[in-house]
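As stored in start.cif (mmCIF, C-alpha atoms):
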data_query
loop_
_atom_site.label_atom_id
_atom_site.label_comp_id
_atom_site.auth_asym_id
_atom_site.auth_seq_id
_atom_site.Cartn_x
_atom_site.Cartn_y
_atom_site.Cartn_z
CA ASP A 10 -10.63 -44.76 59.56
CA THR A 11 -11.73 -42.92 56.42
CA ALA A 12 -9.58 -39.85 55.75
CA VAL A 13 -11.87 -37.79 53.53
CA SER A 14 -15.48 -38.83 53.31
CA GLN A 15 -18.34 -37.54 51.23
CA THR A 16 -22.06 -38.12 51.31
CA PRO A 17 -23.94 -39.12 49.35
CA LYS A 18 -21.93 -41.29 47.00
CA TYR A 19 -24.59 -41.11 44.32
CA LEU A 20 -27.15 -38.40 43.77
CA VAL A 21 -29.82 -38.44 41.08
CA THR A 22 -32.14 -35.47 40.88
CA GLN A 23 -34.22 -33.43 38.50
CA MET A 24 -33.43 -30.11 36.94
CA GLY A 25 -34.31 -27.13 39.07
CA ASN A 26 -33.85 -28.90 42.40
CA ASP A 27 -31.47 -27.81 45.15
CA LYS A 28 -29.06 -30.35 46.60
CA SER A 29 -26.15 -30.52 49.00
CA ILE A 30 -23.07 -32.69 49.19
CA LYS A 31 -21.29 -33.06 52.50
CA CYS A 32 -17.59 -33.54 53.09
CA GLU A 33 -15.65 -34.31 56.21
CA GLN A 34 -11.96 -34.97 56.82
CA ASN A 35 -10.46 -36.44 59.96
CA LEU A 36 -6.85 -35.70 59.07
CA GLY A 37 -6.62 -32.46 61.01
CA HIS A 38 -5.96 -30.58 57.77
CA ASP A 39 -6.42 -26.84 57.47
CA THR A 40 -7.30 -26.69 53.78
CA MET A 41 -10.20 -28.26 51.94
CA TYR A 42 -11.27 -28.24 48.30
CA TRP A 43 -14.06 -29.07 45.92
CA TYR A 44 -13.24 -30.39 42.45
CA LYS A 45 -15.51 -31.21 39.55
CA GLN A 46 -14.71 -34.07 37.18
CA ASP A 47 -16.73 -33.91 34.01
CA SER A 48 -17.71 -36.72 31.67
CA LYS A 49 -14.40 -36.44 29.86
CA LYS A 50 -12.58 -37.07 33.15
CA PHE A 51 -11.11 -33.57 33.21
CA LEU A 52 -10.63 -32.49 36.80
CA LYS A 53 -11.06 -28.85 37.69
CA ILE A 54 -10.89 -27.08 41.00
CA MET A 55 -13.96 -25.16 42.09
CA PHE A 56 -13.29 -23.89 45.62
CA SER A 57 -10.69 -23.99 48.32
CA TYR A 58 -11.01 -23.09 51.99
CA ASN A 59 -8.19 -22.56 54.45
CA ASN A 60 -9.14 -22.44 58.12
CA LYS A 61 -12.76 -21.91 57.15
CA GLU A 62 -11.96 -18.98 54.87
CA LEU A 63 -12.49 -19.04 51.13
CA ILE A 64 -9.17 -18.72 49.30
CA ILE A 65 -9.95 -20.05 45.84
CA ASN A 66 -13.13 -19.42 43.95
CA GLU A 67 -12.73 -20.38 40.34
CA THR A 68 -15.18 -19.41 37.64
CA VAL A 69 -18.13 -21.29 39.02
CA PRO A 70 -21.80 -20.29 38.67
CA ASN A 71 -23.10 -18.64 41.80
CA ARG A 72 -25.64 -21.44 42.05
CA PHE A 73 -22.78 -23.29 43.73
CA SER A 74 -22.16 -22.21 47.29
CA PRO A 75 -19.62 -23.83 49.59
CA LYS A 76 -20.02 -23.69 53.34
CA SER A 77 -17.35 -24.51 55.90
CA PRO A 78 -18.83 -24.73 59.39
CA ASP A 79 -15.46 -25.78 60.78
CA LYS A 80 -12.04 -26.85 59.53
CA ALA A 81 -13.08 -30.47 59.22
CA HIS A 82 -16.12 -29.87 57.04
CA LEU A 83 -16.71 -28.32 53.64
CA ASN A 84 -20.17 -28.75 52.21
CA LEU A 85 -21.31 -27.88 48.70
CA HIS A 86 -24.78 -26.60 48.05
CA ILE A 87 -26.11 -26.37 44.52
CA ASN A 88 -29.23 -24.39 43.64
CA SER A 89 -31.40 -24.77 40.57
CA LEU A 90 -29.56 -27.78 39.22
CA GLU A 91 -28.94 -27.95 35.47
CA LEU A 92 -28.16 -30.84 33.17
CA GLY A 93 -24.60 -29.59 32.80
CA ASP A 94 -24.03 -30.00 36.50
CA SER A 95 -23.95 -33.76 36.04
CA ALA A 96 -20.45 -34.80 37.03
CA VAL A 97 -18.44 -36.40 39.78
CA TYR A 98 -17.64 -33.98 42.57
CA PHE A 99 -14.56 -34.63 44.67
CA CYS A 100 -13.83 -33.19 48.03
CA ALA A 101 -10.19 -33.04 49.08
CA SER A 102 -8.00 -31.74 51.86
CA SER A 103 -4.38 -30.90 52.55
CA GLN A 104 -2.35 -29.89 55.59
CA GLY A 105 -1.85 -26.40 54.26
CA ALA A 106 -2.34 -24.34 51.16
CA SER A 107 1.25 -24.57 49.91
CA GLY A 108 1.81 -26.34 46.63
CA SER A 109 4.07 -28.89 48.28
CA ASN A 110 1.28 -30.35 50.36
CA TRP A 111 -0.21 -33.71 49.53
CA VAL A 112 -3.84 -33.48 48.60
CA TYR A 113 -6.08 -36.28 49.80
CA PHE A 114 -9.25 -36.91 47.86
CA GLY A 115 -12.58 -38.26 48.93
CA PRO A 116 -14.32 -41.05 47.00
CA GLY A 117 -16.41 -38.65 44.98
CA THR A 118 -20.12 -37.99 44.61
CA ARG A 119 -21.61 -38.86 41.25
CA LEU A 120 -24.33 -36.33 40.54
CA THR A 121 -26.79 -37.04 37.75
CA VAL A 122 -29.28 -34.36 36.80
CA THR A 123 -32.21 -35.53 34.70
CA ALA B 2 -0.26 -20.55 32.29
CA GLN B 3 0.41 -24.08 33.39
CA SER B 4 -0.82 -27.05 31.41
CA VAL B 5 -0.49 -30.80 31.36
CA THR B 6 -0.67 -33.17 28.42
CA GLN B 7 -1.09 -36.89 28.68
CA PRO B 8 -0.60 -38.03 25.07
CA ASP B 9 -2.01 -41.52 25.53
CA ILE B 10 -5.74 -41.72 26.15
CA HIS B 11 -5.73 -45.48 26.52
CA ILE B 12 -2.94 -48.02 27.07
CA THR B 13 -3.21 -51.78 27.22
CA VAL B 14 -0.45 -53.92 28.68
CA SER B 15 -0.18 -57.56 29.64
CA GLU B 16 0.07 -58.49 33.26
CA GLY B 17 3.72 -58.69 34.25
CA ALA B 18 4.83 -56.35 31.50
CA SER B 19 6.46 -53.02 32.16
CA LEU B 20 4.51 -49.79 31.97
CA GLU B 21 5.28 -46.21 31.11
CA LEU B 22 2.65 -43.49 31.10
CA ARG B 23 3.66 -40.22 29.54
CA CYS B 24 3.13 -36.75 30.93
CA ASN B 25 4.32 -33.47 29.52
CA TYR B 26 3.84 -30.18 31.28
CA SER B 27 4.15 -26.53 30.52
CA TYR B 28 5.16 -24.19 33.30
CA GLY B 29 7.51 -21.23 33.54
CA ALA B 30 9.43 -22.23 36.65
CA THR B 31 10.11 -25.40 38.57
CA PRO B 32 6.76 -27.06 38.95
CA TYR B 33 5.25 -29.33 41.52
CA LEU B 34 4.34 -32.55 39.70
CA PHE B 35 1.97 -35.26 40.80
CA TRP B 36 0.60 -38.58 39.62
CA TYR B 37 -2.80 -39.75 40.83
CA VAL B 38 -4.67 -42.99 40.25
CA GLN B 39 -8.41 -43.39 40.12
CA SER B 40 -9.73 -46.92 40.27
CA PRO B 41 -13.18 -47.61 38.82
CA GLY B 42 -15.82 -46.02 41.02
CA GLN B 43 -13.20 -44.78 43.46
CA GLY B 44 -11.73 -41.45 44.38
CA LEU B 45 -8.31 -40.16 43.47
CA GLN B 46 -5.25 -41.42 45.27
CA LEU B 47 -1.88 -39.74 45.15
CA LEU B 48 0.83 -42.09 43.85
CA LEU B 49 3.83 -39.80 44.07
CA LYS B 50 4.94 -36.21 43.75
CA TYR B 51 8.00 -34.21 42.86
CA PHE B 52 8.95 -30.70 43.84
CA SER B 53 12.70 -30.75 44.40
CA GLY B 54 15.70 -33.01 44.91
CA ASP B 55 16.24 -36.35 43.26
CA THR B 56 14.55 -36.38 39.86
CA LEU B 57 13.61 -40.04 40.22
CA VAL B 58 10.69 -40.25 42.61
CA GLN B 59 9.46 -43.42 44.26
CA GLY B 60 5.78 -43.74 45.00
CA ILE B 61 3.34 -46.20 46.40
CA LYS B 62 2.31 -49.50 44.80
CA GLY B 63 5.70 -49.92 43.10
CA PHE B 64 5.39 -46.86 40.87
CA GLU B 65 8.14 -44.38 40.12
CA ALA B 66 8.38 -41.28 37.98
CA GLU B 67 11.25 -39.34 36.53
CA PHE B 68 11.33 -35.58 36.20
CA LYS B 69 13.16 -34.47 33.07
CA ARG B 70 13.36 -30.70 32.90
CA SER B 71 14.90 -30.68 29.41
CA GLN B 72 11.94 -32.62 28.05
CA SER B 73 9.29 -31.06 30.31
CA SER B 74 8.23 -34.56 31.18
CA PHE B 75 7.25 -36.52 34.25
CA ASN B 76 6.60 -40.05 33.04
CA LEU B 77 5.23 -42.71 35.34
CA ARG B 78 6.74 -46.18 35.28
CA LYS B 79 6.25 -49.57 36.81
CA PRO B 80 8.48 -52.56 36.04
CA SER B 81 5.78 -55.21 36.31
CA VAL B 82 2.09 -54.43 36.07
CA HIS B 83 -0.52 -56.25 38.15
CA TRP B 84 -4.15 -56.70 37.15
CA SER B 85 -5.14 -54.45 40.04
CA ASP B 86 -3.29 -51.56 38.40
CA ALA B 87 -6.06 -51.21 35.84
CA ALA B 88 -7.37 -47.71 36.46
CA GLU B 89 -7.31 -44.13 35.24
CA TYR B 90 -4.07 -42.26 35.82
CA PHE B 91 -3.83 -38.49 36.08
CA CYS B 92 -0.76 -36.33 35.91
CA ALA B 93 -0.99 -32.91 37.53
CA VAL B 94 1.20 -29.84 37.75
CA GLY B 95 1.02 -27.14 40.38
CA PRO B 96 2.88 -23.89 40.83
CA SER B 97 5.28 -23.82 43.74
CA ASN B 98 4.41 -21.84 46.84
CA THR B 99 0.77 -21.50 46.03
CA ASN B 100 -2.34 -23.36 46.93
CA ALA B 101 -2.17 -27.08 46.37
CA GLY B 102 -5.62 -26.89 44.88
CA LYS B 103 -4.33 -24.86 41.97
CA SER B 104 -2.93 -27.96 40.34
CA THR B 105 -3.88 -28.48 36.73
CA PHE B 106 -4.78 -32.03 35.85
CA GLY B 107 -4.25 -33.81 32.57
CA ASP B 108 -7.10 -35.57 30.82
CA GLY B 109 -6.02 -38.93 32.14
CA THR B 110 -4.76 -42.21 30.69
CA THR B 111 -6.87 -45.31 31.03
CA LEU B 112 -4.81 -48.40 31.72
CA THR B 113 -6.17 -51.82 30.79
CA VAL B 114 -4.29 -54.90 31.95
CA LYS B 115 -4.62 -58.09 29.93
CA PRO B 116 -4.31 -61.41 31.76
#
structure tokens encoding of this file:
Amino acid sequence: DTAVSQTPKYLVTQMGNDKSIKCEQNLGHDTMYWYKQDSKKFLKIMFSYNNKELIINETVPNRFSPKSPDKAHLNLHINSLELGDSAVYFCASSQGASGSNWVYFGPGTRLTVT
Amino acid sequence: AQSVTQPDIHITVSEGASLELRCNYSYGATPYLFWYVQSPGQGLQLLLKYFSGDTLVQGIKGFEAEFKRSQSSFNLRKPSVHWSDAAEYFCAVGPSNTNAGKSTFGDGTTLTVKP
């Protein structure tokens, strides 16, 4: 009955590797997001997709590439991982892109780059 | 530009005591305001939100928040704290009529509950 799920929950990898985080929502929402929460707990949006189309792309290195195969999935692929990429990455979804929509967050993926 | 300030980095209250977490925002028009809770090792959960109407908003888990335009504040309150409320609390502000993901989050307030 999970609303927004992410895999894996924990990810430890070495610098230079490529990794992916998967996200799925079963809420029937049209809009999905990726957020990054750094070590100081500051939460910042990275990407947003609406009906599989990219609508927000904040200042994020192009090593990060989101992929939305369908409305229910938004995966995040990261190339050439760096130490500074260590953070908790949250996937989220909402019914629509309007600011009045509730945003539902996944449990997060804690990425540690060594 | 929109911004959110949570003045208290860490608050400790005794179980059963009342709680108020402060949030101040900066935004040119009427904002959308949110409070989220993040329990240890867990994801974010929306507690409540405000975007129009009654300025006193009721949320889940017995929380409420009051929007005060004159003070640019949206403080979160709970009359009696339970040990399970220990968590990180985030206030967020979003511009109306734009993508919900454009919300700006505060730095968070860590709540510790003493037995």
What are the nearest atom pairs, with distances in Å to one decimal, for all residues of chain B that come at most 12 Å from chain A, using only C-alpha atoms, set out by chain and rising residue number as JSON lines?
{"residue": "B:Val5", "atom": "CA", "partner": "A:Phe51", "partner_atom": "CA", "distance": 11.1}
{"residue": "B:Thr6", "atom": "CA", "partner": "A:Phe51", "partner_atom": "CA", "distance": 11.5}
{"residue": "B:Gln7", "atom": "CA", "partner": "A:Phe51", "partner_atom": "CA", "distance": 11.5}
{"residue": "B:Ile10", "atom": "CA", "partner": "A:Lys49", "partner_atom": "CA", "distance": 10.8}
{"residue": "B:Thr31", "atom": "CA", "partner": "A:Gly108", "partner_atom": "CA", "distance": 11.6}
{"residue": "B:Pro32", "atom": "CA", "partner": "A:Gly108", "partner_atom": "CA", "distance": 9.2}
{"residue": "B:Tyr33", "atom": "CA", "partner": "A:Gly108", "partner_atom": "CA", "distance": 6.8}
{"residue": "B:Leu34", "atom": "CA", "partner": "A:Ser109", "partner_atom": "CA", "distance": 9.3}
{"residue": "B:Phe35", "atom": "CA", "partner": "A:Trp111", "partner_atom": "CA", "distance": 9.1}
{"residue": "B:Trp36", "atom": "CA", "partner": "A:Trp111", "partner_atom": "CA", "distance": 11.1}
{"residue": "B:Tyr37", "atom": "CA", "partner": "A:Phe114", "partner_atom": "CA", "distance": 10.0}
{"residue": "B:Val38", "atom": "CA", "partner": "A:Phe114", "partner_atom": "CA", "distance": 10.8}
{"residue": "B:Gln39", "atom": "CA", "partner": "A:Pro116", "partner_atom": "CA", "distance": 9.4}
{"residue": "B:Ser40", "atom": "CA", "partner": "A:Pro116", "partner_atom": "CA", "distance": 10.0}
{"residue": "B:Pro41", "atom": "CA", "partner": "A:Pro116", "partner_atom": "CA", "distance": 10.5}
{"residue": "B:Gly42", "atom": "CA", "partner": "A:Pro116", "partner_atom": "CA", "distance": 7.9}
{"residue": "B:Gln43", "atom": "CA", "partner": "A:Pro116", "partner_atom": "CA", "distance": 5.3}
{"residue": "B:Gly44", "atom": "CA", "partner": "A:Pro116", "partner_atom": "CA", "distance": 3.7}
{"residue": "B:Leu45", "atom": "CA", "partner": "A:Phe114", "partner_atom": "CA", "distance": 5.5}
{"residue": "B:Gln46", "atom": "CA", "partner": "A:Phe114", "partner_atom": "CA", "distance": 6.6}
{"residue": "B:Leu47", "atom": "CA", "partner": "A:Tyr113", "partner_atom": "CA", "distance": 7.2}
{"residue": "B:Leu48", "atom": "CA", "partner": "A:Trp111", "partner_atom": "CA", "distance": 10.2}
{"residue": "B:Leu49", "atom": "CA", "partner": "A:Trp111", "partner_atom": "CA", "distance": 9.1}
{"residue": "B:Lys50", "atom": "CA", "partner": "A:Trp111", "partner_atom": "CA", "distance": 8.1}
{"residue": "B:Tyr51", "atom": "CA", "partner": "A:Ser109", "partner_atom": "CA", "distance": 8.6}
{"residue": "B:Phe52", "atom": "CA", "partner": "A:Ser109", "partner_atom": "CA", "distance": 6.8}
{"residue": "B:Ser53", "atom": "CA", "partner": "A:Ser109", "partner_atom": "CA", "distance": 9.6}
{"residue": "B:Glu89", "atom": "CA", "partner": "A:Lys50", "partner_atom": "CA", "distance": 9.1}
{"residue": "B:Tyr90", "atom": "CA", "partner": "A:Lys50", "partner_atom": "CA", "distance": 10.3}
{"residue": "B:Phe91", "atom": "CA", "partner": "A:Leu52", "partner_atom": "CA", "distance": 9.1}
{"residue": "B:Cys92", "atom": "CA", "partner": "A:Leu52", "partner_atom": "CA", "distance": 10.6}
{"residue": "B:Ala93", "atom": "CA", "partner": "A:Leu52", "partner_atom": "CA", "distance": 9.7}
{"residue": "B:Val94", "atom": "CA", "partner": "A:Gly108", "partner_atom": "CA", "distance": 9.6}
{"residue": "B:Gly95", "atom": "CA", "partner": "A:Gly108", "partner_atom": "CA", "distance": 6.4}
{"residue": "B:Pro96", "atom": "CA", "partner": "A:Gly108", "partner_atom": "CA", "distance": 6.4}
{"residue": "B:Ser97", "atom": "CA", "partner": "A:Gly108", "partner_atom": "CA", "distance": 5.2}
{"residue": "B:Asn98", "atom": "CA", "partner": "A:Ser107", "partner_atom": "CA", "distance": 5.2}
{"residue": "B:Thr99", "atom": "CA", "partner": "A:Ser107", "partner_atom": "CA", "distance": 5.0}
{"residue": "B:Asn100", "atom": "CA", "partner": "A:Ala106", "partner_atom": "CA", "distance": 4.3}
{"residue": "B:Ala101", "atom": "CA", "partner": "A:Gly108", "partner_atom": "CA", "distance": 4.1}
{"residue": "B:Gly102", "atom": "CA", "partner": "A:Ile54", "partner_atom": "CA", "distance": 6.5}
{"residue": "B:Lys103", "atom": "CA", "partner": "A:Ile54", "partner_atom": "CA", "distance": 7.0}
{"residue": "B:Ser104", "atom": "CA", "partner": "A:Ile54", "partner_atom": "CA", "distance": 8.0}
{"residue": "B:Thr105", "atom": "CA", "partner": "A:Lys53", "partner_atom": "CA", "distance": 7.3}
{"residue": "B:Phe106", "atom": "CA", "partner": "A:Leu52", "partner_atom": "CA", "distance": 5.9}
{"residue": "B:Gly107", "atom": "CA", "partner": "A:Phe51", "partner_atom": "CA", "distance": 6.9}
{"residue": "B:Asp108", "atom": "CA", "partner": "A:Phe51", "partner_atom": "CA", "distance": 5.1}
{"residue": "B:Gly109", "atom": "CA", "partner": "A:Lys50", "partner_atom": "CA", "distance": 6.9}
{"residue": "B:Thr110", "atom": "CA", "partner": "A:Lys50", "partner_atom": "CA", "distance": 9.7}
{"residue": "B:Thr111", "atom": "CA", "partner": "A:Lys50", "partner_atom": "CA", "distance": 10.2}
Reference answer for the PyMOL selection byres ((chain A and resi 27) around 8), as a ChimeraX atom specification
/A:25-26,28-29,86-90
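Take atom CA of B:Arg23 and atom CA of B:Glu67: the distance between them is 10.4 Å.
Look at stretch 31-35 of chain A: the protein and nucleic acid residues within 8 Å of it, using only C-alpha atoms and passing over chain neighbours fewer than 4 places away, are Thr11, Ala12, Val13, Ser14, Gln15, Thr16, Pro17, Ala81, His82, Leu83, Asn84, Leu85, Cys100 and Ser102 of chain A.
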Got time to write the residues from that selection, C-alpha atoms, as an mmCIF file, keeping the file's coordinate frame?
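Output (selection.cif):
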data_model
loop_
_atom_site.group_PDB
_atom_site.id
_atom_site.type_symbol
_atom_site.label_atom_id
_atom_site.label_comp_id
_atom_site.auth_asym_id
_atom_site.auth_seq_id
_atom_site.Cartn_x
_atom_site.Cartn_y
_atom_site.Cartn_z
ATOM 1 C CA THR A 11 -11.730 -42.920 56.420
ATOM 2 C CA ALA A 12 -9.580 -39.850 55.750
ATOM 3 C CA VAL A 13 -11.870 -37.790 53.530
ATOM 4 C CA SER A 14 -15.480 -38.830 53.310
ATOM 5 C CA GLN A 15 -18.340 -37.540 51.230
ATOM 6 C CA THR A 16 -22.060 -38.120 51.310
ATOM 7 C CA PRO A 17 -23.940 -39.120 49.350
ATOM 8 C CA ALA A 81 -13.080 -30.470 59.220
ATOM 9 C CA HIS A 82 -16.120 -29.870 57.040
ATOM 10 C CA LEU A 83 -16.710 -28.320 53.640
ATOM 11 C CA ASN A 84 -20.170 -28.750 52.210
ATOM 12 C CA LEU A 85 -21.310 -27.880 48.700
ATOM 13 C CA CYS A 100 -13.830 -33.190 48.030
ATOM 14 C CA SER A 102 -8.000 -31.740 51.860
#
Padding 5 Å on each side, edges along x, y and z: where is the centre of the box around the listed atoms of stretch 13-17 of chain A, and how long are its edges in Å to one decimal? Output it as AutoDock Vina command-line options.
--center_x -17.9 --center_y -38.3 --center_z 51.4 --size_x 22.1 --size_y 11.6 --size_z 14.2
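With all atoms listed in the file as the atoms that count, the minimum distance from A:Gln46 to the choices A:Ile30, A:Ala96, A:Thr22, A:Leu120 is reached by A:Ala96.
If you look at atom CA of B:Glu16 and atom CA of B:Leu77, they are 16.7 Å away from each other.
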Take the PyMOL selection byres ((chain B and resi 17) around 6), apply it to the structure above, and return the hits as a ChimeraX atom specification.
/B:16,18,81-82
Give as JSON, numbers by chain the residues that the PyMOL selection byres ((chain B and resi 113) around 6) matches when applied to the coordinates above. {"B": [13, 87, 112, 114]}
Next item on the list: Give as a list in words the set of residues within 9 Å of the point (-16.8, -22.1, 60.1), where distances use the file's coordinates and all atoms listed in the file.
Entry: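 Residues satisfying the cut-off, written out: Asn60, Lys61, Glu62, Lys76, Ser77, Pro78, Asp79, Lys80, His82 and Leu83 of chain A.
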